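Asker: My structure is below; once you've seen it, I'll send some questions.
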Amino acid sequence: MAPVAHRAFAVRRLGISLVIAGALALIVYGFASAQTGDADVEVPTGIERVLPMPGALVLRQSQVGADLASGYRGVLIIDGQEIPTQDAQAPGAPNNDPTVNYDAVFDLAQNTVLFLPRQGATIEEFSPGEHQVTVVYWKIDESRDDAQSFTWKFNVS
């Protein structure tokens with residue numbers, strides 16, 4: 001009787017081990033096939049990425065902008081309003097034009113054009129709901145007349 005009971009115990013152990021191995025395989029497969037959403041965002045040539053990602057849910061004071069390809073510059077239009085943009089300068093250097101309140105900064109070294117809402121800016125904070133951003137961008141050695149644009153939307157909580 002002992003060998004039969006021992007054999008039944010071994011079969012039960014084998015069955016439990018197979019169930020656990022199968023569950024682990026499904027977990028590994030789930031992680032390997034998961035998508036973060038970043039792969040679905042296609043941006044045109046000249047743009048490497050945009051902030052925030054299209055469709056993202058962000059806070060009222062979130063940074064908005066674009067990381068452009070090398071050799072491009074750009075400006076931002078947020079909810080139909082072009083944001084005054086200045087070139088990044090050394091700390092303490094005066095703005096390009098002291099009569100204009102520049103909100104966005106174009107950084108040639110990083111090829112980024114970024115805007116951060118703050119007190120006194122064109123947009124002090126984003127209201128809850130959907131917002132639309134357009135980045136107008138062109139090659140540095142061309143004029144803005146040759147610009148292209150890319151538009152996306154994000155949501156504010």
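By order of appearance in the structure tokens: chains A, B, ..., then residues from 1 within every chain, and ligands from 1 in the order shown.
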Looking only at strand (DSSP E or B) from DSSP on the backbone, list the matching residues of chain A as an MDAnalysis selection string.
Answerer: chainID A and resid 47:51 57:58 64:68 72:78 81:82 85:87 104:107 112:115 129:139 148:156
Asker: With only C-alpha atoms as the counted atoms, please give the residues lying no more than 9 Å from A:Ile47, apart from itself and same-chain residues fewer than 6 positions off, as a list in words.
Answerer: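 Residues near the query, excluding close chain neighbours: Ala66, Asp67, Leu68, Ala69, Tyr72, Tyr137 and Phe150 of chain A.
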Asker: Name the residues in contact with A:Pro52 at a cut-off of 8 Å, using only C-alpha atoms, excluding same-chain residues fewer than 3 positions from it; report them as a compact mmCIF listing (two decimals) with all heavy atoms, in the first residue's frame.
Answerer:
```txt
# COMPACT_ATOMS: atom_id res chain seq x y z
N ALA A 56 -1.92 61.82 -23.01
CA ALA A 56 -1.49 61.66 -21.62
C ALA A 56 -2.35 62.51 -20.69
O ALA A 56 -2.90 63.53 -21.07
CB ALA A 56 -0.03 62.07 -21.47
N VAL A 58 -1.97 64.77 -17.41
CA VAL A 58 -0.89 65.44 -16.69
C VAL A 58 -1.45 66.44 -15.69
O VAL A 58 -2.65 66.73 -15.67
CB VAL A 58 0.07 66.15 -17.68
CG1 VAL A 58 0.71 65.15 -18.63
CG2 VAL A 58 -0.65 67.24 -18.44
N SER A 62 2.42 71.07 -15.82
CA SER A 62 3.32 70.19 -16.56
C SER A 62 3.99 70.90 -17.73
O SER A 62 3.41 71.78 -18.35
CB SER A 62 2.55 68.98 -17.09
OG SER A 62 2.13 68.17 -16.02
N GLN A 63 5.21 70.48 -18.00
CA GLN A 63 5.98 71.04 -19.11
C GLN A 63 5.44 70.51 -20.44
O GLN A 63 5.07 69.34 -20.56
CB GLN A 63 7.45 70.66 -18.95
CG GLN A 63 8.37 71.36 -19.91
CD GLN A 63 9.82 71.08 -19.59
OE1 GLN A 63 10.21 69.92 -19.46
NE2 GLN A 63 10.62 72.12 -19.44
N VAL A 64 5.44 71.38 -21.44
CA VAL A 64 4.95 71.04 -22.77
C VAL A 64 6.06 71.39 -23.75
O VAL A 64 6.72 72.42 -23.61
CB VAL A 64 3.67 71.84 -23.10
CG1 VAL A 64 3.24 71.60 -24.52
CG2 VAL A 64 2.57 71.48 -22.13
N GLY A 65 6.26 70.56 -24.76
CA GLY A 65 7.27 70.91 -25.75
C GLY A 65 7.61 69.77 -26.67
O GLY A 65 6.90 68.75 -26.73
N PHE A 154 -3.43 66.53 -25.19
CA PHE A 154 -3.22 65.89 -23.90
C PHE A 154 -4.32 66.37 -22.96
O PHE A 154 -5.05 67.32 -23.26
CB PHE A 154 -1.84 66.19 -23.33
CG PHE A 154 -1.60 67.65 -22.98
CD1 PHE A 154 -1.82 68.10 -21.68
CD2 PHE A 154 -1.16 68.55 -23.93
CE1 PHE A 154 -1.62 69.43 -21.36
CE2 PHE A 154 -0.96 69.88 -23.62
CZ PHE A 154 -1.18 70.32 -22.32
```
Asker: Please extract the residues of stretch 13-93 of chain A with a backbone DSSP assignment of alpha helix (DSSP H) and present them as a PyMOL selection string.
Answerer: chain A and resi 13-33
Asker: Selection from above, all heavy atoms, as a compact mmCIF listing (two decimals), in the first residue's frame, can you write it?
Answerer:
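And here is the file that came out, again-v8.txt:
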```txt
# COMPACT_ATOMS: atom_id res chain seq x y z
N ARG A 13 2.28 15.98 -6.91
CA ARG A 13 3.37 16.96 -6.92
C ARG A 13 3.71 17.38 -8.34
O ARG A 13 3.93 18.56 -8.61
CB ARG A 13 4.62 16.35 -6.29
CG ARG A 13 4.83 16.71 -4.90
CD ARG A 13 6.18 16.18 -4.49
NE ARG A 13 6.66 16.98 -3.39
CZ ARG A 13 7.71 16.67 -2.69
NH1 ARG A 13 8.42 15.61 -2.99
NH2 ARG A 13 8.08 17.44 -1.71
N LEU A 14 3.77 16.43 -9.24
CA LEU A 14 4.07 16.72 -10.64
C LEU A 14 2.98 17.62 -11.23
O LEU A 14 3.28 18.59 -11.93
CB LEU A 14 4.19 15.41 -11.44
CG LEU A 14 4.45 15.58 -12.95
CD1 LEU A 14 5.78 16.28 -13.18
CD2 LEU A 14 4.42 14.23 -13.63
N GLY A 15 1.73 17.33 -10.93
CA GLY A 15 0.62 18.14 -11.44
C GLY A 15 0.68 19.57 -10.93
O GLY A 15 0.51 20.53 -11.70
N ILE A 16 0.95 19.74 -9.64
CA ILE A 16 1.06 21.07 -9.05
C ILE A 16 2.24 21.82 -9.67
O ILE A 16 2.14 23.00 -10.00
CB ILE A 16 1.17 20.98 -7.52
CG1 ILE A 16 -0.16 20.49 -6.93
CG2 ILE A 16 1.56 22.32 -6.92
CD1 ILE A 16 -0.10 20.18 -5.45
N SER A 17 3.36 21.13 -9.86
CA SER A 17 4.54 21.75 -10.47
C SER A 17 4.25 22.22 -11.89
O SER A 17 4.66 23.30 -12.29
CB SER A 17 5.71 20.77 -10.48
OG SER A 17 6.08 20.45 -9.16
N LEU A 18 3.51 21.42 -12.65
CA LEU A 18 3.16 21.82 -14.02
C LEU A 18 2.23 23.02 -14.03
O LEU A 18 2.37 23.93 -14.88
CB LEU A 18 2.52 20.64 -14.76
CG LEU A 18 3.46 19.49 -15.13
CD1 LEU A 18 2.68 18.33 -15.74
CD2 LEU A 18 4.55 19.97 -16.07
N VAL A 19 1.29 23.08 -13.11
CA VAL A 19 0.38 24.23 -13.02
C VAL A 19 1.17 25.49 -12.68
O VAL A 19 0.98 26.54 -13.29
CB VAL A 19 -0.74 23.96 -11.99
CG1 VAL A 19 -1.51 25.24 -11.68
CG2 VAL A 19 -1.67 22.88 -12.49
N ILE A 20 2.08 25.40 -11.73
CA ILE A 20 2.91 26.55 -11.35
C ILE A 20 3.79 26.98 -12.51
O ILE A 20 3.91 28.17 -12.81
CB ILE A 20 3.73 26.24 -10.08
CG1 ILE A 20 2.80 26.13 -8.87
CG2 ILE A 20 4.79 27.32 -9.85
CD1 ILE A 20 3.48 25.64 -7.61
N ALA A 21 4.41 26.03 -13.20
CA ALA A 21 5.27 26.36 -14.34
C ALA A 21 4.46 27.03 -15.44
O ALA A 21 4.91 28.00 -16.07
CB ALA A 21 5.95 25.10 -14.86
N GLY A 22 3.26 26.54 -15.69
CA GLY A 22 2.39 27.16 -16.70
C GLY A 22 2.01 28.58 -16.33
O GLY A 22 2.00 29.49 -17.18
N ALA A 23 1.69 28.81 -15.05
CA ALA A 23 1.33 30.15 -14.58
C ALA A 23 2.51 31.10 -14.74
O ALA A 23 2.36 32.24 -15.19
CB ALA A 23 0.87 30.09 -13.13
N LEU A 24 3.71 30.64 -14.38
CA LEU A 24 4.90 31.48 -14.54
C LEU A 24 5.16 31.80 -16.01
O LEU A 24 5.53 32.92 -16.36
CB LEU A 24 6.12 30.79 -13.92
CG LEU A 24 6.15 30.77 -12.39
CD1 LEU A 24 7.34 29.93 -11.90
CD2 LEU A 24 6.22 32.17 -11.83
N ALA A 25 4.95 30.83 -16.88
CA ALA A 25 5.13 31.07 -18.32
C ALA A 25 4.15 32.12 -18.82
O ALA A 25 4.52 32.99 -19.62
CB ALA A 25 4.97 29.75 -19.09
N LEU A 26 2.92 32.07 -18.36
CA LEU A 26 1.92 33.08 -18.76
C LEU A 26 2.29 34.47 -18.24
O LEU A 26 2.11 35.46 -18.95
CB LEU A 26 0.53 32.68 -18.26
CG LEU A 26 -0.13 31.52 -19.00
CD1 LEU A 26 -1.44 31.14 -18.31
CD2 LEU A 26 -0.37 31.88 -20.46
N ILE A 27 2.82 34.55 -17.03
CA ILE A 27 3.25 35.84 -16.48
C ILE A 27 4.39 36.41 -17.31
O ILE A 27 4.38 37.59 -17.68
CB ILE A 27 3.64 35.69 -14.99
CG1 ILE A 27 2.39 35.42 -14.16
CG2 ILE A 27 4.38 36.93 -14.50
CD1 ILE A 27 2.67 35.05 -12.72
N VAL A 28 5.39 35.60 -17.61
CA VAL A 28 6.52 36.05 -18.42
C VAL A 28 6.04 36.50 -19.80
O VAL A 28 6.44 37.55 -20.30
CB VAL A 28 7.59 34.94 -18.54
CG1 VAL A 28 8.64 35.30 -19.58
CG2 VAL A 28 8.24 34.69 -17.18
N TYR A 29 5.14 35.73 -20.42
CA TYR A 29 4.60 36.09 -21.73
C TYR A 29 3.84 37.42 -21.64
O TYR A 29 3.96 38.28 -22.51
CB TYR A 29 3.66 34.99 -22.25
CG TYR A 29 2.95 35.38 -23.52
CD1 TYR A 29 3.62 35.38 -24.73
CD2 TYR A 29 1.62 35.78 -23.49
CE1 TYR A 29 2.97 35.76 -25.89
CE2 TYR A 29 0.96 36.17 -24.64
CZ TYR A 29 1.64 36.15 -25.84
OH TYR A 29 1.00 36.54 -26.99
N GLY A 30 3.08 37.63 -20.59
CA GLY A 30 2.33 38.88 -20.41
C GLY A 30 3.25 40.08 -20.33
O GLY A 30 3.00 41.11 -20.97
N PHE A 31 4.31 39.99 -19.55
CA PHE A 31 5.25 41.10 -19.45
C PHE A 31 5.98 41.33 -20.77
O PHE A 31 6.21 42.46 -21.18
CB PHE A 31 6.28 40.86 -18.34
CG PHE A 31 5.77 41.24 -16.98
CD1 PHE A 31 5.46 40.27 -16.05
CD2 PHE A 31 5.57 42.57 -16.64
CE1 PHE A 31 4.99 40.60 -14.79
CE2 PHE A 31 5.10 42.92 -15.38
CZ PHE A 31 4.81 41.93 -14.46
N ALA A 32 6.35 40.28 -21.45
CA ALA A 32 7.09 40.41 -22.71
C ALA A 32 6.24 41.02 -23.81
O ALA A 32 6.75 41.72 -24.68
CB ALA A 32 7.63 39.04 -23.15
N SER A 33 4.95 40.77 -23.81
CA SER A 33 4.11 41.28 -24.89
C SER A 33 3.40 42.57 -24.54
O SER A 33 2.70 43.14 -25.37
CB SER A 33 3.08 40.22 -25.28
OG SER A 33 2.21 39.97 -24.19
```
Asker: Using only C-alpha atoms for the distances, tell me which of A:Val133, A:Arg73, A:Val105, A:Thr122 is nearest to A:Asp146.
Answerer: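 Closest residue, counting only C-alpha atoms: A:Arg73.
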Asker: Taking 2 positions as the minimum chain separation for residues in the same chain, which residues sit within 12 Å of A:Trp138 when counting only C-alpha atoms? Answer as a PyMOL selection string.
Answerer: chain A and resi 45-47+68-75+111+135-136+140-150
Asker: If you keep N, CA and C atoms, can you produce a file of those selected residues as a PDB file, in the first residue's frame?
Answerer:
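Just written: again-v6.pdb:
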```pdb
ATOM      1  N   THR A  45       9.403  63.158 -39.338  1.00  0.00           N
ATOM      2  CA  THR A  45      10.831  63.469 -39.416  1.00  0.00           C
ATOM      3  C   THR A  45      11.025  64.908 -38.972  1.00  0.00           C
ATOM      4  N   GLY A  46      12.015  65.132 -38.166  1.00  0.00           N
ATOM      5  CA  GLY A  46      12.261  66.460 -37.629  1.00  0.00           C
ATOM      6  C   GLY A  46      11.887  66.565 -36.164  1.00  0.00           C
ATOM      7  N   ILE A  47      11.083  65.614 -35.684  1.00  0.00           N
ATOM      8  CA  ILE A  47      10.702  65.582 -34.272  1.00  0.00           C
ATOM      9  C   ILE A  47      11.091  64.222 -33.711  1.00  0.00           C
ATOM     10  N   LEU A  68      13.374  68.186 -30.830  1.00  0.00           N
ATOM     11  CA  LEU A  68      13.504  68.192 -32.285  1.00  0.00           C
ATOM     12  C   LEU A  68      14.771  67.471 -32.724  1.00  0.00           C
ATOM     13  N   ALA A  69      14.768  67.033 -33.960  1.00  0.00           N
ATOM     14  CA  ALA A  69      15.961  66.408 -34.528  1.00  0.00           C
ATOM     15  C   ALA A  69      17.043  67.474 -34.685  1.00  0.00           C
ATOM     16  N   SER A  70      18.262  67.037 -34.739  1.00  0.00           N
ATOM     17  CA  SER A  70      19.383  67.951 -34.901  1.00  0.00           C
ATOM     18  C   SER A  70      19.205  68.769 -36.175  1.00  0.00           C
ATOM     19  N   GLY A  71      19.437  70.070 -36.059  1.00  0.00           N
ATOM     20  CA  GLY A  71      19.334  70.941 -37.218  1.00  0.00           C
ATOM     21  C   GLY A  71      17.982  71.597 -37.403  1.00  0.00           C
ATOM     22  N   TYR A  72      17.069  71.405 -36.444  1.00  0.00           N
ATOM     23  CA  TYR A  72      15.740  72.015 -36.517  1.00  0.00           C
ATOM     24  C   TYR A  72      15.543  72.972 -35.355  1.00  0.00           C
ATOM     25  N   ARG A  73      14.669  73.949 -35.542  1.00  0.00           N
ATOM     26  CA  ARG A  73      14.217  74.831 -34.469  1.00  0.00           C
ATOM     27  C   ARG A  73      12.713  74.935 -34.550  1.00  0.00           C
ATOM     28  N   GLY A  74      12.066  75.453 -33.511  1.00  0.00           N
ATOM     29  CA  GLY A  74      10.616  75.499 -33.563  1.00  0.00           C
ATOM     30  C   GLY A  74       9.999  76.415 -32.532  1.00  0.00           C
ATOM     31  N   VAL A  75       8.675  76.536 -32.635  1.00  0.00           N
ATOM     32  CA  VAL A  75       7.864  77.294 -31.682  1.00  0.00           C
ATOM     33  C   VAL A  75       6.641  76.455 -31.336  1.00  0.00           C
ATOM     34  N   ASN A 111      18.319  70.929 -28.863  1.00  0.00           N
ATOM     35  CA  ASN A 111      17.289  70.886 -29.910  1.00  0.00           C
ATOM     36  C   ASN A 111      15.902  70.677 -29.305  1.00  0.00           C
ATOM     37  N   VAL A 135       3.507  72.010 -32.602  1.00  0.00           N
ATOM     38  CA  VAL A 135       4.880  72.472 -32.722  1.00  0.00           C
ATOM     39  C   VAL A 135       5.091  72.783 -34.199  1.00  0.00           C
ATOM     40  N   VAL A 136       5.505  74.021 -34.456  1.00  0.00           N
ATOM     41  CA  VAL A 136       5.852  74.456 -35.812  1.00  0.00           C
ATOM     42  C   VAL A 136       7.374  74.410 -35.853  1.00  0.00           C
ATOM     43  N   ILE A 140      17.121  74.837 -39.390  1.00  0.00           N
ATOM     44  CA  ILE A 140      17.772  76.063 -38.924  1.00  0.00           C
ATOM     45  C   ILE A 140      18.247  76.914 -40.091  1.00  0.00           C
ATOM     46  N   ASP A 141      18.710  76.291 -41.161  1.00  0.00           N
ATOM     47  CA  ASP A 141      19.229  77.061 -42.298  1.00  0.00           C
ATOM     48  C   ASP A 141      18.139  77.474 -43.292  1.00  0.00           C
ATOM     49  N   GLU A 142      16.865  77.265 -42.938  1.00  0.00           N
ATOM     50  CA  GLU A 142      15.749  77.689 -43.777  1.00  0.00           C
ATOM     51  C   GLU A 142      14.915  78.702 -43.004  1.00  0.00           C
ATOM     52  N   SER A 143      13.930  79.275 -43.663  1.00  0.00           N
ATOM     53  CA  SER A 143      13.072  80.244 -42.977  1.00  0.00           C
ATOM     54  C   SER A 143      11.821  79.556 -42.436  1.00  0.00           C
ATOM     55  N   ARG A 144      11.115  80.261 -41.598  1.00  0.00           N
ATOM     56  CA  ARG A 144       9.881  79.723 -41.033  1.00  0.00           C
ATOM     57  C   ARG A 144       8.827  79.515 -42.118  1.00  0.00           C
ATOM     58  N   ASP A 145       8.977  80.186 -43.227  1.00  0.00           N
ATOM     59  CA  ASP A 145       8.041  79.999 -44.347  1.00  0.00           C
ATOM     60  C   ASP A 145       8.051  78.558 -44.845  1.00  0.00           C
ATOM     61  N   ASP A 146       9.144  77.839 -44.600  1.00  0.00           N
ATOM     62  CA  ASP A 146       9.274  76.443 -45.028  1.00  0.00           C
ATOM     63  C   ASP A 146       8.913  75.464 -43.901  1.00  0.00           C
ATOM     64  N   ALA A 147       8.258  75.963 -42.855  1.00  0.00           N
ATOM     65  CA  ALA A 147       7.993  75.158 -41.661  1.00  0.00           C
ATOM     66  C   ALA A 147       6.958  74.072 -41.903  1.00  0.00           C
ATOM     67  N   GLN A 148       7.064  73.053 -41.078  1.00  0.00           N
ATOM     68  CA  GLN A 148       6.083  71.976 -40.989  1.00  0.00           C
ATOM     69  C   GLN A 148       5.480  72.056 -39.593  1.00  0.00           C
ATOM     70  N   SER A 149       4.426  71.301 -39.364  1.00  0.00           N
ATOM     71  CA  SER A 149       3.844  71.317 -38.023  1.00  0.00           C
ATOM     72  C   SER A 149       3.353  69.928 -37.640  1.00  0.00           C
ATOM     73  N   PHE A 150       3.243  69.728 -36.343  1.00  0.00           N
ATOM     74  CA  PHE A 150       2.715  68.491 -35.794  1.00  0.00           C
ATOM     75  C   PHE A 150       1.835  68.869 -34.617  1.00  0.00           C
TER      76      PHE A 150
END
```
Asker: Can you work out the spacing between atom CA of A:Val156 and atom CA of A:Gln86 in Å, to one decimal?
Answerer: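 That distance, rounded to one decimal, is 25.7 Å.
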Asker: For A:Pro84, work out the shell of residues within 7 Å, counting only C-alpha atoms and skipping chain neighbours fewer than 2 positions away, then give it as a ChimeraX atom specification.
Answerer: /A:82,86,102-104
Asker: Emit the selected residues as a PDB file, in the first residue's frame, including C-alpha atoms.
Answerer:
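Below is the file that was written, result-v5.pdb:
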```pdb
ATOM      1  CA  GLU A  82       1.566  80.992 -30.097  1.00  0.00           C
ATOM      2  CA  GLN A  86      13.491  82.940 -26.948  1.00  0.00           C
ATOM      3  CA  TYR A 102       9.202  85.171 -23.454  1.00  0.00           C
ATOM      4  CA  ASP A 103       7.610  82.025 -22.129  1.00  0.00           C
ATOM      5  CA  ALA A 104       9.050  79.150 -24.174  1.00  0.00           C
TER       6      ALA A 104
END
```
